[in-house]
>>> print(open('coords_10.csv').read())   # CSV, C-alpha atoms
chain,number,residue,atom,x,y,z
A,345,MET,CA,195.7,28.8,-87.5
A,346,SER,CA,195.3,30.4,-84.1
A,347,ASP,CA,192.0,31.3,-82.4
A,348,SER,CA,193.6,33.3,-79.7
A,349,SER,CA,191.8,36.5,-78.8
A,350,LYS,CA,194.6,38.4,-77.0
A,351,VAL,CA,195.2,41.7,-78.8
A,352,LEU,CA,198.9,42.5,-78.9
A,353,LEU,CA,198.9,45.5,-81.3
A,354,ASP,CA,195.8,47.8,-81.4
A,355,ILE,CA,195.8,50.5,-84.1
A,356,ARG,CA,193.0,52.9,-83.4
A,357,HIS,CA,191.8,55.5,-85.9
A,358,LEU,CA,195.3,56.2,-87.2
A,359,SER,CA,195.8,59.0,-89.7
A,360,VAL,CA,199.1,59.8,-91.3
A,361,ALA,CA,200.1,62.8,-93.5
A,362,VAL,CA,203.1,64.1,-95.4
A,363,ARG,CA,204.0,67.6,-94.4
A,364,ASP,CA,206.2,70.1,-96.2
A,365,ALA,CA,206.3,73.9,-96.6
A,366,GLN,CA,203.6,73.8,-99.2
A,367,SER,CA,201.2,71.1,-98.3
A,368,ASN,CA,199.7,68.7,-95.7
A,369,THR,CA,198.6,65.7,-97.7
A,370,PRO,CA,196.8,62.8,-95.9
A,371,LEU,CA,198.2,59.4,-96.8
A,372,VAL,CA,196.4,57.1,-94.3
A,373,ARG,CA,193.0,58.0,-93.0
A,374,ASP,CA,191.2,56.6,-89.9
A,375,VAL,CA,192.8,53.1,-90.0
A,376,SER,CA,191.8,50.7,-87.2
A,377,LEU,CA,193.4,47.3,-87.0
A,378,GLN,CA,194.0,44.7,-84.3
A,379,VAL,CA,196.8,42.1,-84.3
A,380,LYS,CA,196.1,39.1,-82.1
A,381,SER,CA,198.5,36.7,-80.4
A,382,GLY,CA,199.5,33.8,-82.6
A,383,GLU,CA,197.6,34.9,-85.7
A,384,THR,CA,198.6,35.9,-89.2
A,385,LEU,CA,197.0,39.2,-90.3
A,386,ALA,CA,197.4,39.9,-94.0
A,387,ILE,CA,197.3,43.4,-95.4
A,388,VAL,CA,196.5,43.6,-99.1
A,389,GLY,CA,195.9,46.3,-101.7
A,390,GLU,CA,197.5,48.1,-104.6
A,391,SER,CA,200.8,49.9,-104.5
A,392,GLY,CA,200.4,53.3,-102.8
A,393,SER,CA,197.3,52.2,-100.8
A,394,GLY,CA,199.0,52.9,-97.4
A,395,LYS,CA,199.7,49.3,-96.4
A,396,THR,CA,203.4,49.7,-95.5
A,397,LEU,CA,203.2,53.3,-94.5
A,398,THR,CA,200.6,52.5,-91.8
A,399,PHE,CA,203.1,50.2,-90.0
A,400,LEU,CA,206.2,52.4,-90.6
A,401,ALA,CA,204.3,55.3,-89.0
A,402,ALA,CA,203.1,53.0,-86.2
A,403,LEU,CA,206.7,52.0,-85.4
A,404,GLY,CA,208.0,55.5,-85.7
A,405,ILE,CA,210.3,54.7,-88.7
A,406,ALA,CA,208.5,56.6,-91.5
A,407,PRO,CA,210.5,59.3,-93.3
A,408,ASN,CA,210.9,62.6,-91.3
A,409,ASN,CA,208.3,64.5,-93.3
A,410,ILE,CA,205.6,61.9,-92.6
A,411,LYS,CA,203.7,62.5,-89.4
A,412,VAL,CA,201.0,60.7,-87.4
A,413,THR,CA,198.2,63.3,-87.3
A,414,ALA,CA,195.6,61.4,-85.3
A,415,GLY,CA,194.9,58.1,-83.6
A,416,GLU,CA,196.7,55.7,-81.2
A,417,VAL,CA,199.0,52.7,-81.6
A,418,LEU,CA,198.6,50.6,-78.5
A,419,PHE,CA,201.0,47.8,-77.5
A,420,GLU,CA,200.4,46.3,-74.1
A,421,ASN,CA,198.5,49.5,-73.1
A,422,ASP,CA,201.3,51.9,-74.1
A,423,ASP,CA,200.6,54.3,-77.0
A,424,LEU,CA,203.7,54.0,-79.3
A,425,THR,CA,202.9,57.4,-80.8
A,426,LYS,CA,203.5,59.0,-77.4
A,427,LEU,CA,206.8,57.4,-76.5
A,428,ASN,CA,210.0,59.4,-76.8
A,429,PRO,CA,212.6,58.1,-79.4
A,430,SER,CA,214.7,56.1,-76.8
A,431,GLU,CA,211.6,54.4,-75.4
A,432,LEU,CA,210.3,53.6,-78.9
A,433,ARG,CA,213.8,52.3,-79.9
A,434,ALA,CA,213.7,49.9,-76.9
A,435,ARG,CA,210.3,48.5,-78.0
A,436,ARG,CA,211.4,47.9,-81.6
A,437,GLY,CA,213.0,44.5,-81.9
A,438,THR,CA,212.0,43.3,-78.4
A,439,ALA,CA,208.3,43.8,-78.8
A,440,ILE,CA,207.7,44.5,-82.5
A,441,SER,CA,210.1,43.8,-85.3
A,442,MET,CA,209.9,44.3,-89.1
A,443,VAL,CA,211.3,42.4,-92.1
A,444,PHE,CA,211.7,44.9,-94.9
A,445,GLN,CA,210.9,44.4,-98.6
A,446,ASP,CA,214.3,44.5,-100.2
A,447,PRO,CA,216.9,42.5,-98.2
A,448,LEU,CA,219.8,43.8,-100.3
A,449,SER,CA,219.2,47.4,-99.3
A,450,ALA,CA,218.1,46.5,-95.8
A,451,LEU,CA,221.5,44.9,-95.0
A,452,ASN,CA,224.7,46.9,-94.7
A,453,PRO,CA,227.0,45.7,-97.5
A,454,VAL,CA,230.2,46.5,-95.6
A,455,PHE,CA,229.5,44.4,-92.5
A,456,SER,CA,229.2,40.6,-92.4
A,457,ILE,CA,225.9,39.0,-91.7
A,458,GLY,CA,227.1,37.9,-88.3
A,459,THR,CA,228.3,41.3,-87.3
A,460,GLN,CA,224.9,42.8,-88.1
A,461,ILE,CA,223.0,40.2,-86.0
A,462,ILE,CA,225.5,40.7,-83.2
A,463,GLU,CA,224.9,44.4,-83.2
A,464,VAL,CA,221.2,43.9,-82.8
A,465,LEU,CA,221.7,41.5,-79.9
A,466,ARG,CA,224.3,43.6,-78.0
A,467,ALA,CA,222.2,46.8,-78.4
A,468,HIS,CA,219.4,45.3,-76.4
A,469,LEU,CA,220.9,42.4,-74.3
A,470,PRO,CA,223.8,42.2,-71.8
A,471,MET,CA,225.9,39.8,-73.9
A,472,THR,CA,229.6,39.5,-74.5
A,473,LYS,CA,230.7,39.5,-78.1
A,474,ALA,CA,231.3,35.7,-78.0
A,475,GLN,CA,227.9,35.0,-76.5
A,476,ALA,CA,226.3,37.2,-79.2
A,477,ARG,CA,228.2,35.4,-82.0
A,478,ALA,CA,227.1,32.0,-80.7
A,479,ARG,CA,223.5,33.3,-80.6
A,480,ALA,CA,223.9,34.7,-84.2
A,481,ILE,CA,225.0,31.2,-85.4
A,482,GLU,CA,221.9,29.7,-83.6
A,483,LEU,CA,219.6,32.1,-85.3
A,484,LEU,CA,221.1,31.5,-88.8
A,485,GLU,CA,220.6,27.7,-88.1
A,486,ARG,CA,217.1,28.4,-87.0
A,487,VAL,CA,216.2,30.1,-90.3
A,488,HIS,CA,217.8,27.2,-92.2
A,489,ILE,CA,221.0,28.9,-93.5
A,490,PRO,CA,223.4,26.0,-94.4
A,491,ASP,CA,226.7,25.7,-92.6
A,492,PRO,CA,225.9,28.7,-90.3
A,493,HIS,CA,229.3,28.5,-88.5
A,494,ARG,CA,231.0,29.4,-91.7
A,495,ARG,CA,228.3,31.6,-93.3
A,496,VAL,CA,228.1,33.9,-90.3
A,497,ASP,CA,231.2,35.7,-91.5
A,498,ASP,CA,230.0,36.1,-95.1
A,499,TYR,CA,228.8,39.5,-96.4
A,500,PRO,CA,225.4,40.2,-97.9
A,501,HIS,CA,226.6,39.9,-101.5
A,502,GLN,CA,227.8,36.4,-100.8
A,503,PHE,CA,224.2,35.3,-100.0
A,504,SER,CA,221.5,34.5,-102.5
A,505,GLY,CA,218.3,36.6,-102.5
A,506,GLY,CA,216.5,33.9,-100.5
A,507,MET,CA,219.3,33.6,-98.0
A,508,ARG,CA,219.5,37.3,-97.5
A,509,GLN,CA,215.8,37.3,-96.7
A,510,ARG,CA,216.4,34.5,-94.2
A,511,ALA,CA,219.2,36.5,-92.6
A,512,LEU,CA,216.8,39.5,-92.3
A,513,ILE,CA,214.3,37.2,-90.6
A,514,ALA,CA,217.0,36.0,-88.2
A,515,MET,CA,217.8,39.6,-87.2
A,516,ALA,CA,214.1,40.3,-86.8
A,517,ILE,CA,213.5,37.4,-84.5
A,518,ALA,CA,216.7,37.7,-82.6
A,519,LEU,CA,215.0,39.4,-79.6
A,520,GLU,CA,212.0,37.2,-79.7
A,521,PRO,CA,209.4,39.9,-80.6
A,522,LYS,CA,205.7,39.3,-79.9
A,523,VAL,CA,204.7,40.8,-83.3
A,524,LEU,CA,206.6,40.4,-86.6
A,525,ILE,CA,205.7,42.6,-89.5
A,526,ALA,CA,206.8,41.1,-92.9
A,527,ASP,CA,206.6,43.7,-95.7
A,528,GLU,CA,206.4,41.9,-99.1
A,529,PRO,CA,208.9,39.3,-97.8
A,530,THR,CA,208.9,37.3,-101.1
A,531,THR,CA,209.5,40.2,-103.6
A,532,ALA,CA,212.0,39.3,-106.4
A,533,LEU,CA,212.3,35.7,-105.2
A,534,ASP,CA,211.5,32.7,-107.4
A,535,VAL,CA,208.4,30.6,-106.6
A,536,THR,CA,210.2,27.8,-104.8
A,537,VAL,CA,212.1,30.3,-102.5
A,538,GLN,CA,208.9,32.3,-101.9
A,539,ALA,CA,207.3,29.1,-100.6
A,540,GLN,CA,210.3,28.4,-98.4
A,541,VAL,CA,210.3,31.9,-96.9
A,542,LEU,CA,206.6,31.8,-96.1
A,543,GLU,CA,206.7,28.3,-94.6
A,544,LEU,CA,209.6,29.5,-92.4
A,545,LEU,CA,207.6,32.5,-91.2
A,546,SER,CA,204.6,30.3,-90.5
A,547,GLN,CA,206.8,27.8,-88.7
A,548,LEU,CA,208.3,30.5,-86.5
A,549,ARG,CA,204.9,31.8,-85.7
A,550,GLU,CA,203.7,28.4,-84.5
A,551,GLU,CA,206.9,27.7,-82.5
A,552,THR,CA,207.0,31.1,-80.7
A,553,GLY,CA,203.3,32.1,-80.6
A,554,MET,CA,204.2,35.5,-82.1
A,555,ALA,CA,201.7,37.3,-84.3
A,556,LEU,CA,202.6,37.8,-87.9
A,557,VAL,CA,201.5,40.8,-90.1
A,558,LEU,CA,202.0,39.9,-93.7
A,559,ILE,CA,201.9,42.9,-96.1
A,560,THR,CA,201.5,41.6,-99.6
A,561,HIS,CA,199.7,42.0,-102.9
A,562,ASP,CA,199.7,38.2,-103.5
A,563,LEU,CA,196.2,36.8,-102.7
A,564,GLY,CA,197.5,33.3,-103.2
A,565,LEU,CA,199.8,33.8,-100.2
A,566,VAL,CA,197.0,35.2,-98.3
A,567,ALA,CA,194.7,32.2,-98.9
A,568,ARG,CA,197.4,29.8,-97.8
A,569,HIS,CA,198.9,31.6,-94.7
A,570,ALA,CA,196.5,34.2,-93.3
A,571,ASP,CA,193.9,34.0,-90.5
A,572,ARG,CA,192.4,37.4,-91.2
A,573,VAL,CA,192.7,40.0,-93.9
A,574,ALA,CA,192.4,43.8,-94.2
A,575,VAL,CA,192.1,45.3,-97.7
A,576,PHE,CA,193.5,48.8,-98.2
A,577,TYR,CA,192.4,51.3,-100.8
A,578,ALA,CA,193.4,55.0,-101.0
A,579,GLY,CA,194.8,55.0,-97.5
A,580,ARG,CA,191.7,53.4,-95.9
A,581,VAL,CA,190.7,49.9,-94.9
A,582,VAL,CA,187.7,49.0,-97.2
A,583,GLU,CA,187.1,45.4,-96.1
A,584,GLN,CA,188.2,43.4,-93.1
A,585,ALA,CA,187.3,39.7,-92.5
A,586,SER,CA,188.5,36.2,-91.8
A,587,VAL,CA,190.3,34.7,-94.8
A,588,GLN,CA,187.4,32.3,-95.4
A,589,ASP,CA,184.8,35.1,-95.4
A,590,LEU,CA,186.9,37.4,-97.6
A,591,PHE,CA,187.4,34.7,-100.3
A,592,HIS,CA,183.9,33.2,-100.1
A,593,GLU,CA,181.6,36.0,-99.0
A,594,THR,CA,183.4,39.1,-100.4
A,595,ARG,CA,181.5,42.3,-99.4
A,596,HIS,CA,183.3,45.2,-101.2
A,597,PRO,CA,183.5,45.8,-105.0
A,598,TYR,CA,187.2,46.6,-104.8
A,599,THR,CA,188.0,43.2,-103.3
A,600,VAL,CA,186.0,41.5,-106.0
A,601,SER,CA,187.9,43.6,-108.6
A,602,LEU,CA,191.2,42.3,-107.1
A,603,PHE,CA,190.1,38.7,-107.4
A,604,ARG,CA,189.2,39.3,-111.1
A,605,THR,CA,192.8,40.2,-111.9
A,606,ILE,CA,194.1,36.8,-110.8
A,607,PRO,CA,194.4,33.9,-113.2
A,608,ARG,CA,192.6,30.7,-112.1
A,609,LEU,CA,193.7,27.2,-112.8
A,610,ASP,CA,190.0,26.1,-113.2
A,611,SER,CA,189.2,28.7,-115.8
A,612,PRO,CA,189.0,27.9,-119.5
A,613,VAL,CA,192.3,28.3,-121.3
A,614,HIS,CA,191.5,31.5,-123.2
A,615,THR,CA,189.7,33.3,-120.3
A,616,ALA,CA,190.8,37.0,-120.2
A,617,LEU,CA,191.7,38.7,-117.0
A,618,THR,CA,189.7,41.8,-116.0
A,619,PRO,CA,191.9,44.7,-115.0
A,620,ILE,CA,190.5,47.3,-112.6
A,621,ALA,CA,189.3,50.3,-114.7
A,622,GLY,CA,190.9,53.7,-114.3
A,623,GLN,CA,193.7,54.7,-111.9
A,624,PRO,CA,194.0,55.0,-108.1
A,625,PRO,CA,192.9,58.4,-106.9
A,626,ASN,CA,195.2,61.3,-106.0
A,627,LEU,CA,195.4,61.2,-102.2
A,628,ALA,CA,195.6,65.0,-102.1
A,629,GLN,CA,192.3,65.3,-104.1
A,630,LEU,CA,190.1,62.4,-103.0
A,631,PRO,CA,186.5,62.5,-104.3
A,632,LYS,CA,183.9,63.6,-101.8
A,633,GLY,CA,182.2,60.2,-101.5
A,634,CYS,CA,183.6,56.7,-101.9
A,635,PRO,CA,187.2,56.9,-103.3
A,636,PHE,CA,186.6,53.7,-105.3
A,637,ALA,CA,183.4,55.1,-106.9
A,638,PRO,CA,185.0,56.3,-110.2
A,639,ARG,CA,186.4,52.7,-110.8
A,640,CYS,CA,183.5,50.7,-109.3
A,641,TYR,CA,181.4,48.3,-111.5
A,642,LEU,CA,178.5,48.6,-109.0
A,643,VAL,CA,178.6,52.4,-108.6
A,644,LYS,CA,175.2,54.0,-107.6
A,645,PRO,CA,174.2,57.7,-108.0
A,646,ASP,CA,174.8,58.6,-104.4
A,647,CYS,CA,178.2,56.8,-104.1
A,648,GLY,CA,180.0,60.0,-105.3
A,649,SER,CA,178.6,62.0,-102.4
A,650,THR,CA,178.3,59.5,-99.5
A,651,GLN,CA,181.3,58.6,-97.4
A,652,VAL,CA,180.8,55.2,-95.9
A,653,LYS,CA,182.9,54.0,-92.9
A,654,LEU,CA,183.5,50.3,-92.1
A,655,ILE,CA,180.2,48.7,-91.1
A,656,ASP,CA,179.1,45.3,-90.0
A,657,THR,CA,177.9,43.0,-92.8
A,658,THR,CA,176.9,39.3,-92.4
A,659,ASN,CA,178.7,39.3,-89.0
A,660,LYS,CA,180.5,41.7,-86.7
A,661,GLU,CA,183.9,40.3,-87.7
A,662,HIS,CA,183.3,41.0,-91.4
A,663,LEU,CA,183.4,44.8,-92.1
A,664,SER,CA,182.9,46.7,-95.4
A,665,ALA,CA,183.2,50.3,-96.4
A,666,CYS,CA,180.4,49.9,-99.0
A,667,GLN,CA,176.8,50.9,-98.2
A,668,TYR,CA,175.7,48.4,-101.0
A,669,TRP,CA,177.7,45.5,-99.6
A,670,SER,CA,174.6,43.2,-99.9
A,671,ASP,CA,174.7,43.7,-103.7
A,672,VAL,CA,178.3,42.5,-103.9
A,673,HIS,CA,178.5,38.9,-105.0
A,674,PRO,CA,181.8,37.0,-104.6
A,675,GLU,CA,183.5,35.5,-107.6
A,676,SER,CA,182.5,31.9,-108.1
>>> encode(input="coords_10.csv", output="structure tokens")
Amino acid sequence: MSDSSKVLLDIRHLSVAVRDAQSNTPLVRDVSLQVKSGETLAIVGESGSGKTLTFLAALGIAPNNIKVTAGEVLFENDDLTKLNPSELRARRGTAISMVFQDPLSALNPVFSIGTQIIEVLRAHLPMTKAQARARAIELLERVHIPDPHRRVDDYPHQFSGGMRQRALIAMAIALEPKVLIADEPTTALDVTVQAQVLELLSQLREETGMALVLITHDLGLVARHADRVAVFYAGRVVEQASVQDLFHETRHPYTVSLFRTIPRLDSPVHTALTPIAGQPPNLAQLPKGCPFAPRCYLVKPDCGSTQVKLIDTTNKEHLSACQYWSDVHPES
């Protein structure tokens, strides 16, 4: 794990909304995150909590009806939200790259894997086709695709799910980005392949010094691979801490509730899991106070009316959006 303090990607008070003729619905509200050189930052939370959308909006690749309404996304002192499309396109891949959740839909089925990697390389670098092909083979070998000289001409349907994910990673690292964002990179993969993909990402991070943003709902992966964690709920960050502090000194009831949904090997055989009560809130009609209050096991009378921003808890690196964080006790 890295202890580097150089900030590569600095998201400051980012808000994102979906806009159409009838409405302007906030989806991400006042999110601030820093991604540091050489570290792995994990982003966790329920589906629809704004995890992926935050980074799609930051990179300018969110759907057309989704707009950044406030905040900055700083990379090496440039605000990505202020760049024109061609400038932003030049930064994607070379500075920041993303591995998408579903490799089958992310890859074009009518072009070979090699052709798609070559296209990425030649769009950004002054390479001949032969040079780009040789580099594509090197990249496939680097992500442990067997017999890369032959498989470079295969199509996505000829690759297994794990191999398609590796091919996506090869494309993402082709231009040696400083920040790699991996969105649920092990979805629909079996446990063995999941471990291989995550070990590959960790290996690449250590070899290149790039920062890795791991968007996931799997807290087991977080415990094994992350340096720091940001927990999302209803489009906001509700807790942010080092992985050790988050697991051992949890300071938000929602994070505790997430831990309670996970089976433990050291629990008695018939121990029941505890689901989180209720449903996530409608983002168009959030409650006046804490959005988690209607589902919270520690709710107090004023939680429904008091909006709490991230505040320091036991240390300045451990932030919680709960005014009663000192009453939160981590799971044993």
>>> closest_residue(input="coords_10.csv", among="A:Pro490, A:Gly579, A:Pro597, A:Gly389", to="Ala628 in chain A", atoms="only C-alpha atoms")
A:Gly579
>>> atom_distance(input="coords_10.csv", atom1="CA of Glu520 in chain A", atom2="CA of Leu469 in chain A")
11.6 Å
>>> atom_distance(input="coords_10.csv", atom1="CA of Val537 in chain A", atom2="CA of His488 in chain A")
12.2 Å
>>> residues_around(input="coords_10.csv", residues="Leu424 in chain A", least_positions_apart="2", cutoff="10 Å", atoms="all atoms listed in the file", output="list in words")
Leu353, Ile355, Ala401, Ala402, Leu403, Gly404, Glu416, Val417, Leu418, Phe419, Glu420, Asn421, Asp422, Lys426, Leu427, Asn428, Pro429, Glu431, Leu432 and Arg435 of chain A
>>> atom_distance(input="coords_10.csv", atom1="CA of Ala361 in chain A", atom2="CA of Gly392 in chain A")
13.3 Å
>>> residues_around(input="coords_10.csv", residues="Gly648 in chain A", least_positions_apart="2", cutoff="8 Å", atoms="all atoms listed in the file", output="PyMOL selection string")
chain A and resi 631-634+637-638+645-646+650
>>> closest_residue(input="coords_10.csv", among="A:Ala518, A:Leu663, A:Ala578, A:Ile606", to="His561 in chain A", atoms="all atoms listed in the file")
A:Ile606
>>> residues_around(input="coords_10.csv", residues="Ser670 in chain A", least_positions_apart="4", cutoff="10 Å", atoms="all atoms listed in the file", output="list in words")
Thr594, Arg595, His596, Thr657, Thr658 and Cys666 of chain A
>>> closest_residue(input="coords_10.csv", among="A:Pro619, A:Gly553, A:Pro674, A:Pro624", to="Phe591 in chain A", atoms="only C-alpha atoms")
A:Pro674
>>> closest_residue(input="coords_10.csv", among="A:Asp671, A:Asp446, A:Asp364, A:Glu383", to="Asn409 in chain A", atoms="only C-alpha atoms")
A:Asp364
>>> residues_near_point(input="coords_10.csv", point="(206.4, 43.1, -91.6)", cutoff="12 Å", atoms="all atoms listed in the file", output="JSON, numbers by chain")
{"A": [384, 385, 386, 387, 395, 396, 397, 398, 399, 400, 402, 403, 437, 440, 441, 442, 443, 444, 445, 446, 512, 513, 516, 517, 521, 523, 524, 525, 526, 527, 528, 529, 530, 545, 555, 556, 557, 558, 559, 560]}
>>> closest_atom_pairs(input="coords_10.csv", of="range 632-665 of chain A", to="range 376-379 of chain A", cutoff="12 Å", atoms="only C-alpha atoms", output="CSV")
residue,atom,partner,partner_atom,distance
A:Lys653,CA,A:Ser376,CA,11.1
A:Leu654,CA,A:Ser376,CA,9.6
A:Glu661,CA,A:Gln378,CA,11.5
A:Leu663,CA,A:Ser376,CA,11.4
>>> residues_around(input="coords_10.csv", residues="Tyr598 in chain A", least_positions_apart="3", cutoff="12 Å", atoms="only C-alpha atoms", output="MDAnalysis selection string")
chainID A and resid 388:390 575:578 581:583 590 594:595 601:605 619:621 624 634:643 664:666 669 672:674
>>> write_last_selection(input="coords_10.csv", atoms="C-alpha atoms", output="PDB file, in the frame of the given file")
ATOM      1  CA  VAL A 388     196.500  43.600 -99.100  1.00  0.00           C
ATOM      2  CA  GLY A 389     195.900  46.300-101.700  1.00  0.00           C
ATOM      3  CA  GLU A 390     197.500  48.100-104.600  1.00  0.00           C
ATOM      4  CA  VAL A 575     192.100  45.300 -97.700  1.00  0.00           C
ATOM      5  CA  PHE A 576     193.500  48.800 -98.200  1.00  0.00           C
ATOM      6  CA  TYR A 577     192.400  51.300-100.800  1.00  0.00           C
ATOM      7  CA  ALA A 578     193.400  55.000-101.000  1.00  0.00           C
ATOM      8  CA  VAL A 581     190.700  49.900 -94.900  1.00  0.00           C
ATOM      9  CA  VAL A 582     187.700  49.000 -97.200  1.00  0.00           C
ATOM     10  CA  GLU A 583     187.100  45.400 -96.100  1.00  0.00           C
ATOM     11  CA  LEU A 590     186.900  37.400 -97.600  1.00  0.00           C
ATOM     12  CA  THR A 594     183.400  39.100-100.400  1.00  0.00           C
ATOM     13  CA  ARG A 595     181.500  42.300 -99.400  1.00  0.00           C
ATOM     14  CA  SER A 601     187.900  43.600-108.600  1.00  0.00           C
ATOM     15  CA  LEU A 602     191.200  42.300-107.100  1.00  0.00           C
ATOM     16  CA  PHE A 603     190.100  38.700-107.400  1.00  0.00           C
ATOM     17  CA  ARG A 604     189.200  39.300-111.100  1.00  0.00           C
ATOM     18  CA  THR A 605     192.800  40.200-111.900  1.00  0.00           C
ATOM     19  CA  PRO A 619     191.900  44.700-115.000  1.00  0.00           C
ATOM     20  CA  ILE A 620     190.500  47.300-112.600  1.00  0.00           C
ATOM     21  CA  ALA A 621     189.300  50.300-114.700  1.00  0.00           C
ATOM     22  CA  PRO A 624     194.000  55.000-108.100  1.00  0.00           C
ATOM     23  CA  CYS A 634     183.600  56.700-101.900  1.00  0.00           C
ATOM     24  CA  PRO A 635     187.200  56.900-103.300  1.00  0.00           C
ATOM     25  CA  PHE A 636     186.600  53.700-105.300  1.00  0.00           C
ATOM     26  CA  ALA A 637     183.400  55.100-106.900  1.00  0.00           C
ATOM     27  CA  PRO A 638     185.000  56.300-110.200  1.00  0.00           C
ATOM     28  CA  ARG A 639     186.400  52.700-110.800  1.00  0.00           C
ATOM     29  CA  CYS A 640     183.500  50.700-109.300  1.00  0.00           C
ATOM     30  CA  TYR A 641     181.400  48.300-111.500  1.00  0.00           C
ATOM     31  CA  LEU A 642     178.500  48.600-109.000  1.00  0.00           C
ATOM     32  CA  VAL A 643     178.600  52.400-108.600  1.00  0.00           C
ATOM     33  CA  SER A 664     182.900  46.700 -95.400  1.00  0.00           C
ATOM     34  CA  ALA A 665     183.200  50.300 -96.400  1.00  0.00           C
ATOM     35  CA  CYS A 666     180.400  49.900 -99.000  1.00  0.00           C
ATOM     36  CA  TRP A 669     177.700  45.500 -99.600  1.00  0.00           C
ATOM     37  CA  VAL A 672     178.300  42.500-103.900  1.00  0.00           C
ATOM     38  CA  HIS A 673     178.500  38.900-105.000  1.00  0.00           C
ATOM     39  CA  PRO A 674     181.800  37.000-104.600  1.00  0.00           C
TER      40      PRO A 674
END
>>> closest_residue(input="coords_10.csv", among="A:Ala514, A:Leu544, A:His569, A:Gln584", to="Val375 in chain A", atoms="all atoms listed in the file")
A:Gln584
>>> closest_residue(input="coords_10.csv", among="A:Leu565, A:Val496, A:Leu448, A:Val613", to="Gln540 in chain A", atoms="all atoms listed in the file")
A:Leu565
>>> residues_around(input="coords_10.csv", residues="range 472-475 of chain A", least_positions_apart="4", cutoff="8 Å", atoms="only C-alpha atoms", output="list in words")
Ile462, Arg466 and Arg479 of chain A
>>> build_atoms(input="coords_10.csv", residues="range 569-581 of chain A", atoms="N, CA and C atoms", output="mmCIF file, keeping the file's coordinate frame")
data_model
loop_
_atom_site.group_PDB
_atom_site.id
_atom_site.type_symbol
_atom_site.label_atom_id
_atom_site.label_comp_id
_atom_site.auth_asym_id
_atom_site.auth_seq_id
_atom_site.Cartn_x
_atom_site.Cartn_y
_atom_site.Cartn_z
ATOM 1 N N HIS A 569 198.202 31.345 -96.009
ATOM 2 C CA HIS A 569 198.900 31.600 -94.700
ATOM 3 C C HIS A 569 198.129 32.470 -93.748
ATOM 4 N N ALA A 570 197.107 33.203 -94.156
ATOM 5 C CA ALA A 570 196.500 34.200 -93.300
ATOM 6 C C ALA A 570 195.327 33.630 -92.469
ATOM 7 N N ASP A 571 195.086 34.229 -91.305
ATOM 8 C CA ASP A 571 193.900 34.000 -90.500
ATOM 9 C C ASP A 571 192.824 35.050 -90.838
ATOM 10 N N ARG A 572 193.278 36.323 -90.842
ATOM 11 C CA ARG A 572 192.400 37.400 -91.200
ATOM 12 C C ARG A 572 193.041 38.334 -92.190
ATOM 13 N N VAL A 573 192.208 39.150 -92.861
ATOM 14 C CA VAL A 573 192.700 40.000 -93.900
ATOM 15 C C VAL A 573 192.092 41.385 -93.812
ATOM 16 N N ALA A 574 192.924 42.410 -94.051
ATOM 17 C CA ALA A 574 192.400 43.800 -94.200
ATOM 18 C C ALA A 574 192.826 44.283 -95.571
ATOM 19 N N VAL A 575 191.852 44.780 -96.302
ATOM 20 C CA VAL A 575 192.100 45.300 -97.700
ATOM 21 C C VAL A 575 192.142 46.787 -97.646
ATOM 22 N N PHE A 576 193.244 47.331 -98.160
ATOM 23 C CA PHE A 576 193.500 48.800 -98.200
ATOM 24 C C PHE A 576 193.136 49.333 -99.583
ATOM 25 N N TYR A 577 192.558 50.540 -99.586
ATOM 26 C CA TYR A 577 192.400 51.300 -100.800
ATOM 27 C C TYR A 577 192.456 52.772 -100.506
ATOM 28 N N ALA A 578 193.310 53.500 -101.193
ATOM 29 C CA ALA A 578 193.400 55.000 -101.000
ATOM 30 C C ALA A 578 193.620 55.376 -99.586
ATOM 31 N N GLY A 579 194.473 54.651 -98.860
ATOM 32 C CA GLY A 579 194.800 55.000 -97.500
ATOM 33 C C GLY A 579 193.746 54.650 -96.458
ATOM 34 N N ARG A 580 192.787 53.822 -96.837
ATOM 35 C CA ARG A 580 191.700 53.400 -95.900
ATOM 36 C C ARG A 580 191.597 51.870 -95.958
ATOM 37 N N VAL A 581 191.064 51.296 -94.878
ATOM 38 C CA VAL A 581 190.700 49.900 -94.900
ATOM 39 C C VAL A 581 189.239 49.853 -95.457
#
